[in-house]
Structure formats: structure tokens, C-alpha cells
>>> print(open('query33.csv').read())   # CSV, C-alpha atoms
chain,number,residue,atom,x,y,z
A,10,MET,CA,22.2,-24.6,156.9
A,11,ASN,CA,23.4,-27.0,154.2
A,12,THR,CA,21.1,-28.8,151.7
A,13,ALA,CA,20.8,-32.0,153.7
A,14,SER,CA,19.8,-30.1,156.8
A,15,ALA,CA,17.2,-28.0,154.8
A,16,ILE,CA,15.7,-31.2,153.4
A,17,LEU,CA,15.6,-32.8,156.9
A,18,VAL,CA,13.9,-29.7,158.4
A,19,TYR,CA,11.4,-29.7,155.5
A,20,LEU,CA,10.5,-33.4,156.1
A,21,VAL,CA,10.1,-32.9,159.8
A,22,GLN,CA,7.9,-29.9,159.3
A,23,THR,CA,5.8,-31.7,156.8
A,24,LEU,CA,5.3,-34.9,158.7
A,25,PHE,CA,4.5,-33.2,162.0
A,26,SER,CA,2.2,-30.7,160.3
A,27,LEU,CA,0.2,-33.4,158.6
A,28,TYR,CA,-0.2,-35.5,161.7
A,29,LEU,CA,-1.1,-32.4,163.7
A,30,LEU,CA,-3.7,-31.6,161.0
A,31,ALA,CA,-5.2,-35.1,161.4
A,32,VAL,CA,-5.4,-34.8,165.2
A,33,LEU,CA,-6.9,-31.3,165.1
A,34,LEU,CA,-9.4,-32.4,162.4
A,35,ARG,CA,-10.4,-35.3,164.7
A,36,PHE,CA,-10.8,-32.9,167.6
A,37,ILE,CA,-13.0,-30.5,165.5
A,38,LEU,CA,-15.1,-33.3,164.0
A,39,GLN,CA,-15.8,-34.7,167.5
A,40,THR,CA,-16.5,-31.2,168.9
A,41,VAL,CA,-19.1,-30.4,166.2
A,42,ARG,CA,-20.4,-34.0,166.3
A,43,ALA,CA,-19.8,-34.7,162.7
A,44,ASP,CA,-20.9,-37.9,161.0
A,45,PHE,CA,-18.7,-40.7,162.6
A,46,TYR,CA,-19.5,-43.1,159.7
A,47,ASN,CA,-18.2,-40.7,157.0
A,48,PRO,CA,-15.2,-42.4,155.4
A,49,ILE,CA,-13.0,-39.3,156.0
A,50,SER,CA,-13.9,-39.4,159.7
A,51,GLN,CA,-13.1,-43.1,159.8
A,52,PHE,CA,-9.7,-42.4,158.2
A,53,LEU,CA,-8.9,-39.7,160.8
A,54,VAL,CA,-9.9,-42.0,163.6
A,55,LYS,CA,-7.8,-44.8,162.4
A,56,VAL,CA,-4.7,-42.6,161.8
A,57,THR,CA,-4.9,-41.0,165.2
A,58,ALA,CA,-6.3,-43.8,167.4
A,59,PRO,CA,-3.0,-45.5,168.3
A,60,LEU,CA,-1.9,-42.3,170.1
A,61,VAL,CA,-5.3,-40.9,171.2
A,62,ASN,CA,-6.8,-44.1,172.7
A,63,PRO,CA,-4.0,-44.5,175.4
A,64,LEU,CA,-4.3,-40.8,176.3
A,65,ARG,CA,-8.1,-41.3,176.8
A,66,ARG,CA,-7.3,-43.5,179.7
A,67,LEU,CA,-5.4,-40.7,181.3
A,68,ILE,CA,-7.4,-37.7,180.1
A,69,PRO,CA,-11.2,-38.0,180.0
A,70,GLY,CA,-13.4,-35.8,177.9
A,71,LEU,CA,-15.0,-32.7,179.3
A,72,GLY,CA,-18.4,-31.4,178.2
A,73,GLY,CA,-18.2,-33.0,174.7
A,74,LEU,CA,-14.6,-31.9,174.2
A,75,ASP,CA,-12.1,-34.6,173.4
A,76,LEU,CA,-9.3,-33.4,175.7
A,77,ALA,CA,-7.1,-36.4,174.8
A,78,SER,CA,-7.0,-35.3,171.1
A,79,LEU,CA,-6.2,-31.8,172.2
A,80,ALA,CA,-3.5,-33.0,174.5
A,81,LEU,CA,-2.0,-35.2,171.7
A,82,ALA,CA,-2.1,-32.1,169.4
A,83,LEU,CA,-0.1,-30.2,172.0
A,84,LEU,CA,2.4,-33.0,172.4
A,85,VAL,CA,2.8,-33.5,168.7
A,86,GLN,CA,3.4,-29.7,168.2
A,87,MET,CA,5.8,-29.6,171.1
A,88,LEU,CA,7.8,-32.6,169.9
A,89,GLY,CA,7.9,-31.2,166.3
A,90,SER,CA,9.0,-27.8,167.6
A,91,ALA,CA,11.7,-29.3,169.8
A,92,ILE,CA,13.1,-31.4,166.9
A,93,LEU,CA,13.2,-28.3,164.7
A,94,VAL,CA,15.0,-26.2,167.4
A,95,VAL,CA,17.6,-28.9,167.7
A,96,LEU,CA,18.0,-29.2,163.9
A,97,TRP,CA,18.5,-25.4,163.8
A,98,GLY,CA,21.3,-25.8,166.4
A,99,GLY,CA,19.4,-24.5,169.4
A,100,THR,CA,18.5,-26.0,172.8
A,101,PRO,CA,14.7,-26.5,173.4
A,102,ASN,CA,13.3,-24.8,176.5
A,103,PRO,CA,10.2,-26.7,177.7
A,104,VAL,CA,8.3,-23.6,178.9
A,105,SER,CA,8.9,-21.8,175.5
A,106,LEU,CA,8.0,-25.0,173.6
A,107,LEU,CA,4.7,-25.1,175.5
A,108,MET,CA,3.8,-21.5,174.9
A,109,TRP,CA,4.9,-21.8,171.2
A,110,SER,CA,2.8,-24.9,170.8
A,111,VAL,CA,-0.4,-23.3,172.2
A,112,VAL,CA,0.0,-20.4,169.7
A,113,ALA,CA,0.8,-22.8,166.9
A,114,ILE,CA,-2.3,-25.0,167.6
A,115,LEU,CA,-4.6,-21.9,167.7
A,116,TYR,CA,-3.1,-20.6,164.5
A,117,THR,CA,-3.5,-24.0,162.8
A,118,LEU,CA,-7.2,-24.2,163.9
A,119,LEU,CA,-7.7,-20.7,162.4
A,120,ASN,CA,-6.1,-22.0,159.2
A,121,ILE,CA,-8.3,-25.0,159.1
A,122,TYR,CA,-11.4,-22.8,159.4
A,123,PHE,CA,-10.1,-20.3,156.8
A,124,PHE,CA,-9.6,-23.0,154.2
A,125,ALA,CA,-12.8,-24.8,155.1
A,126,LEU,CA,-14.8,-21.6,154.5
A,127,ILE,CA,-13.0,-21.0,151.2
A,128,ALA,CA,-13.8,-24.6,150.2
A,129,MET,CA,-17.5,-24.2,151.2
A,130,ILE,CA,-17.8,-21.0,149.2
A,131,ILE,CA,-16.3,-22.7,146.1
A,132,VAL,CA,-18.6,-25.7,146.6
A,133,SER,CA,-21.6,-23.5,146.8
A,134,TRP,CA,-20.8,-22.2,143.4
A,135,VAL,CA,-19.9,-25.4,141.6
A,136,ALA,CA,-21.5,-28.3,143.4
A,137,ALA,CA,-24.4,-27.0,145.5
A,138,GLY,CA,-26.4,-29.8,147.0
A,139,SER,CA,-23.7,-32.4,146.5
A,140,ARG,CA,-23.6,-35.3,149.0
A,141,HIS,CA,-19.9,-36.0,148.7
A,142,PRO,CA,-18.4,-37.1,152.0
A,143,ALA,CA,-15.8,-34.3,152.0
A,144,ILE,CA,-18.5,-31.7,151.3
A,145,MET,CA,-20.7,-33.0,154.1
A,146,LEU,CA,-17.8,-32.8,156.6
A,147,LEU,CA,-17.0,-29.3,155.4
A,148,TYR,CA,-20.6,-28.3,156.1
A,149,GLN,CA,-20.6,-29.9,159.5
A,150,ILE,CA,-17.3,-28.2,160.4
A,151,THR,CA,-18.3,-24.7,159.2
A,152,GLU,CA,-22.0,-24.5,160.1
A,153,PRO,CA,-21.6,-24.2,163.9
A,154,VAL,CA,-19.4,-21.1,163.2
A,155,MET,CA,-21.5,-19.6,160.4
A,156,ALA,CA,-24.9,-20.0,162.0
A,157,PRO,CA,-24.3,-17.4,164.7
A,158,LEU,CA,-22.6,-15.1,162.2
A,159,ARG,CA,-25.7,-15.3,159.9
A,160,LYS,CA,-27.8,-14.0,162.9
A,161,VAL,CA,-25.5,-10.9,163.1
A,162,LEU,CA,-25.3,-10.5,159.3
A,163,PRO,CA,-28.3,-12.1,157.7
A,164,PRO,CA,-28.4,-12.8,153.9
A,165,MET,CA,-29.2,-9.7,151.9
A,166,GLY,CA,-31.1,-10.2,148.7
A,167,GLY,CA,-30.1,-13.9,148.5
A,168,LEU,CA,-26.5,-13.1,149.1
A,169,ASP,CA,-24.8,-14.6,152.2
A,170,LEU,CA,-22.2,-12.1,153.4
A,171,SER,CA,-21.5,-13.9,156.7
A,172,PRO,CA,-18.3,-15.5,155.3
A,173,ILE,CA,-16.8,-12.1,154.9
A,174,LEU,CA,-17.4,-11.4,158.6
A,175,ALA,CA,-15.9,-14.8,159.4
A,176,PHE,CA,-12.8,-14.0,157.3
A,177,ILE,CA,-12.4,-10.7,159.0
A,178,LEU,CA,-12.6,-12.3,162.5
A,179,ILE,CA,-10.1,-15.0,161.4
A,180,GLN,CA,-7.7,-12.4,160.1
A,181,VAL,CA,-8.0,-10.3,163.3
A,182,LEU,CA,-7.2,-13.4,165.4
A,183,ARG,CA,-4.3,-14.3,163.1
A,184,ILE,CA,-2.8,-10.8,163.5
A,185,PHE,CA,-3.3,-11.1,167.3
A,186,LEU,CA,-1.5,-14.5,167.3
A,187,SER,CA,1.3,-13.2,165.2
A,188,GLY,CA,1.8,-10.5,167.7
A,189,VAL,CA,1.8,-13.1,170.5
A,190,ALA,CA,4.3,-15.2,168.6
A,191,ALA,CA,6.6,-12.2,168.1
A,192,SER,CA,6.4,-11.4,171.8
A,193,LEU,CA,7.4,-15.0,172.6
A,194,TYR,CA,10.3,-14.8,170.2
A,195,MET,CA,8.8,-17.8,168.3
A,196,PRO,CA,11.1,-18.9,165.5
A,197,ARG,CA,9.6,-18.7,162.0
A,198,GLY,CA,8.9,-22.1,160.6
A,199,LEU,CA,7.4,-23.7,163.7
A,200,VAL,CA,3.9,-23.0,162.2
A,201,PRO,CA,3.4,-22.8,158.5
A,202,GLY,CA,2.1,-19.4,157.5
A,203,LEU,CA,2.9,-17.7,160.8
>>> encode(input="query33.csv", output="C-alpha cells")
Amino acid sequence: MNTASAILVYLVQTLFSLYLLAVLLRFILQTVRADFYNPISQFLVKVTAPLVNPLRRLIPGLGGLDLASLALALLVQMLGSAILVVLWGGTPNPVSLLMWSVVAILYTLLNIYFFALIAMIIVSWVAAGSRHPAIMLLYQITEPVMAPLRKVLPPMGGLDLSPILAFILIQVLRIFLSGVAASLYMPRGLVPGL
């Protein structure tokens, strides 16, 4: 691969990854019923609305899940993967793209929670009690996951060890998805970090 092709691959990966991140964050924020009036939530809605709103007419929500956002995430991942396969000189197979995209989306969701938990741990040390919009959203994203884990592993002596359990579970799921990706012969680079 020459330099121009490498730059093009990098730009495609970056643009599709950022948009996929915005769509998945919108999905997560709606799933956990985060504050819609938060400026970050508003930004994510504005960025994703041109593609999510038309899909909503075709794909209704189900039990509080925004299936249109999830479908858009799948389409974005499939399109990005197809473009990368073509840039690498291959021919995209729709069935493989669908399977790769499902794995990639699950892996990206795990990464979102991994980094959200790290951010919450750091915030708890340096800015406990802050009302910053980003910190409020981090709390709203992570709390539905952390609350059940705190029941399994309650705080001991004022120290909350439940994030360790969350990191272990996330890493186990990452290893599982890496195995699935290998069994699907998923090319490296379709998902950052996989």
C-alpha cells in the first residue's frame, strides 16, 4: 500500500469511527434515559438526526430501545468496512460485512464503557461532585451498569471495588469478541483496538 492509499484508509477509518461513536453514544444515552437537555446530548442529536430521523419512520423503537439508531450504527459500520475492503483491494461480501459489523459494534460499545469507567474513576479523584455536563453524562451512562455490580461487590471500607469487576467483565467480553472476529476472518483495522 502506497502512502496516498494509507492516508485515505486512515481518513476513512477516522471519519466512520467518529460518526459511529456519535450514533452509538446517542443510542446509549437514549437507552439509559440521560438528560436530553444536556449540551452534549443536544450535539449528538443534531449530528445524527439527519440519518436517524428518516430511519425512525421505517424502524420504530422497541421497549425504550432506539432501534433506528442501532440500525444506523450497523449501516455506518457496514459501509465503512466495505469501503476499507475495497481500498485494500478486496471485494466486499455482504454476509461477512454484516457479521463483522455486529462484532465491531459490540466491541465499540465495550470500548465506550471501558473509557467511560476510566473517566469516572479519574473524575471521582479530581472533581468529585462536579456538575459539568460531560461528567453528568458519564455518570448517567455508567451508573446503570455499576449499580448491579455494587450489589455483587459492595464498597469495602469506603472503597468501591465494583469498577474492577466491570473491567474484568469488559475484558472477558473483549477476548470473546476477538475470538469471534478471528473465526470470521475479520481483517484487522475494521475496528480500532480489535
>>> residues_around(input="query33.csv", residues="region 99-104 of chain A", least_positions_apart="6", cutoff="12 Å", atoms="only C-alpha atoms", output="number ranges by chain")
A: 84, 87-93, 110-111, 193, 195-196
>>> closest_atom_pairs(input="query33.csv", of="region 120-165 of chain A", to="region 39-61 of chain A", cutoff="10 Å", atoms="only C-alpha atoms", output="JSON lines")
{"residue": "A:His141", "atom": "CA", "partner": "A:Asn47", "partner_atom": "CA", "distance": 9.7}
{"residue": "A:Pro142", "atom": "CA", "partner": "A:Asn47", "partner_atom": "CA", "distance": 6.2}
{"residue": "A:Ala143", "atom": "CA", "partner": "A:Ile49", "partner_atom": "CA", "distance": 7.0}
{"residue": "A:Met145", "atom": "CA", "partner": "A:Asp44", "partner_atom": "CA", "distance": 8.5}
{"residue": "A:Leu146", "atom": "CA", "partner": "A:Ala43", "partner_atom": "CA", "distance": 6.7}
{"residue": "A:Leu147", "atom": "CA", "partner": "A:Ala43", "partner_atom": "CA", "distance": 9.5}
{"residue": "A:Tyr148", "atom": "CA", "partner": "A:Ala43", "partner_atom": "CA", "distance": 9.2}
{"residue": "A:Gln149", "atom": "CA", "partner": "A:Ala43", "partner_atom": "CA", "distance": 5.8}
{"residue": "A:Ile150", "atom": "CA", "partner": "A:Val41", "partner_atom": "CA", "distance": 6.5}
{"residue": "A:Thr151", "atom": "CA", "partner": "A:Val41", "partner_atom": "CA", "distance": 9.1}
{"residue": "A:Glu152", "atom": "CA", "partner": "A:Val41", "partner_atom": "CA", "distance": 9.0}
{"residue": "A:Pro153", "atom": "CA", "partner": "A:Val41", "partner_atom": "CA", "distance": 7.1}
{"residue": "A:Val154", "atom": "CA", "partner": "A:Val41", "partner_atom": "CA", "distance": 9.8}
>>> closest_residue(input="query33.csv", among="A:Leu30, A:Trp109, A:Thr117, A:Gly98", to="Ser78 (chain A)", atoms="all atoms listed in the file")
A:Leu30
>>> atom_distance(input="query33.csv", atom1="CA of Leu182 (chain A)", atom2="CA of Gly167 (chain A)")
28.5 Å
>>> closest_residue(input="query33.csv", among="A:Leu96, A:Ala156, A:Ile37, A:Leu186", to="Ala113 (chain A)", atoms="only C-alpha atoms")
A:Leu186
>>> residues_around(input="query33.csv", residues="Ala82 (chain A)", least_positions_apart="6", cutoff="7 Å", atoms="all atoms listed in the file", output="ChimeraX atom specification")
/A:29,32-33
>>> atom_distance(input="query33.csv", atom1="CA of Leu64 (chain A)", atom2="CA of Ala77 (chain A)")
5.4 Å
>>> residues_around(input="query33.csv", residues="Gln180 (chain A)", least_positions_apart="5", cutoff="9 Å", atoms="all atoms listed in the file", output="list in words")
Leu119, Phe123, Ala175 and Phe185 of chain A
>>> atom_distance(input="query33.csv", atom1="CA of Pro164 (chain A)", atom2="CA of Val132 (chain A)")
17.8 Å
>>> build_atoms(input="query33.csv", residues="region 46-59 of chain A", atoms="N, CA and C atoms", output="PDB file, in the coordinates of the input")
ATOM      1  N   TYR A  46     -19.536 -42.016 160.721  1.00  0.00           N
ATOM      2  CA  TYR A  46     -19.500 -43.100 159.700  1.00  0.00           C
ATOM      3  C   TYR A  46     -18.996 -42.536 158.345  1.00  0.00           C
ATOM      4  N   ASN A  47     -18.744 -41.257 158.247  1.00  0.00           N
ATOM      5  CA  ASN A  47     -18.200 -40.700 157.000  1.00  0.00           C
ATOM      6  C   ASN A  47     -16.799 -41.307 156.819  1.00  0.00           C
ATOM      7  N   PRO A  48     -16.454 -41.707 155.592  1.00  0.00           N
ATOM      8  CA  PRO A  48     -15.200 -42.400 155.400  1.00  0.00           C
ATOM      9  C   PRO A  48     -13.959 -41.502 155.762  1.00  0.00           C
ATOM     10  N   ILE A  49     -14.082 -40.205 155.621  1.00  0.00           N
ATOM     11  CA  ILE A  49     -13.000 -39.300 156.000  1.00  0.00           C
ATOM     12  C   ILE A  49     -12.837 -39.305 157.526  1.00  0.00           C
ATOM     13  N   SER A  50     -13.952 -39.284 158.238  1.00  0.00           N
ATOM     14  CA  SER A  50     -13.900 -39.400 159.700  1.00  0.00           C
ATOM     15  C   SER A  50     -13.288 -40.676 160.140  1.00  0.00           C
ATOM     16  N   GLN A  51     -13.669 -41.760 159.476  1.00  0.00           N
ATOM     17  CA  GLN A  51     -13.100 -43.100 159.800  1.00  0.00           C
ATOM     18  C   GLN A  51     -11.605 -43.100 159.589  1.00  0.00           C
ATOM     19  N   PHE A  52     -11.150 -42.502 158.499  1.00  0.00           N
ATOM     20  CA  PHE A  52      -9.700 -42.400 158.200  1.00  0.00           C
ATOM     21  C   PHE A  52      -8.992 -41.678 159.328  1.00  0.00           C
ATOM     22  N   LEU A  53      -9.519 -40.525 159.717  1.00  0.00           N
ATOM     23  CA  LEU A  53      -8.900 -39.700 160.800  1.00  0.00           C
ATOM     24  C   LEU A  53      -8.835 -40.458 162.091  1.00  0.00           C
ATOM     25  N   VAL A  54      -9.894 -41.183 162.392  1.00  0.00           N
ATOM     26  CA  VAL A  54      -9.900 -42.000 163.600  1.00  0.00           C
ATOM     27  C   VAL A  54      -8.854 -43.054 163.589  1.00  0.00           C
ATOM     28  N   LYS A  55      -8.751 -43.757 162.466  1.00  0.00           N
ATOM     29  CA  LYS A  55      -7.800 -44.800 162.400  1.00  0.00           C
ATOM     30  C   LYS A  55      -6.334 -44.333 162.442  1.00  0.00           C
ATOM     31  N   VAL A  56      -6.074 -43.186 161.823  1.00  0.00           N
ATOM     32  CA  VAL A  56      -4.700 -42.600 161.800  1.00  0.00           C
ATOM     33  C   VAL A  56      -4.315 -42.142 163.214  1.00  0.00           C
ATOM     34  N   THR A  57      -5.256 -41.592 163.954  1.00  0.00           N
ATOM     35  CA  THR A  57      -4.900 -41.000 165.200  1.00  0.00           C
ATOM     36  C   THR A  57      -5.171 -41.900 166.434  1.00  0.00           C
ATOM     37  N   ALA A  58      -5.938 -42.961 166.252  1.00  0.00           N
ATOM     38  CA  ALA A  58      -6.300 -43.800 167.400  1.00  0.00           C
ATOM     39  C   ALA A  58      -5.137 -44.430 168.139  1.00  0.00           C
ATOM     40  N   PRO A  59      -4.050 -44.870 167.474  1.00  0.00           N
ATOM     41  CA  PRO A  59      -3.000 -45.500 168.300  1.00  0.00           C
ATOM     42  C   PRO A  59      -2.384 -44.558 169.335  1.00  0.00           C
TER      43      PRO A  59
END
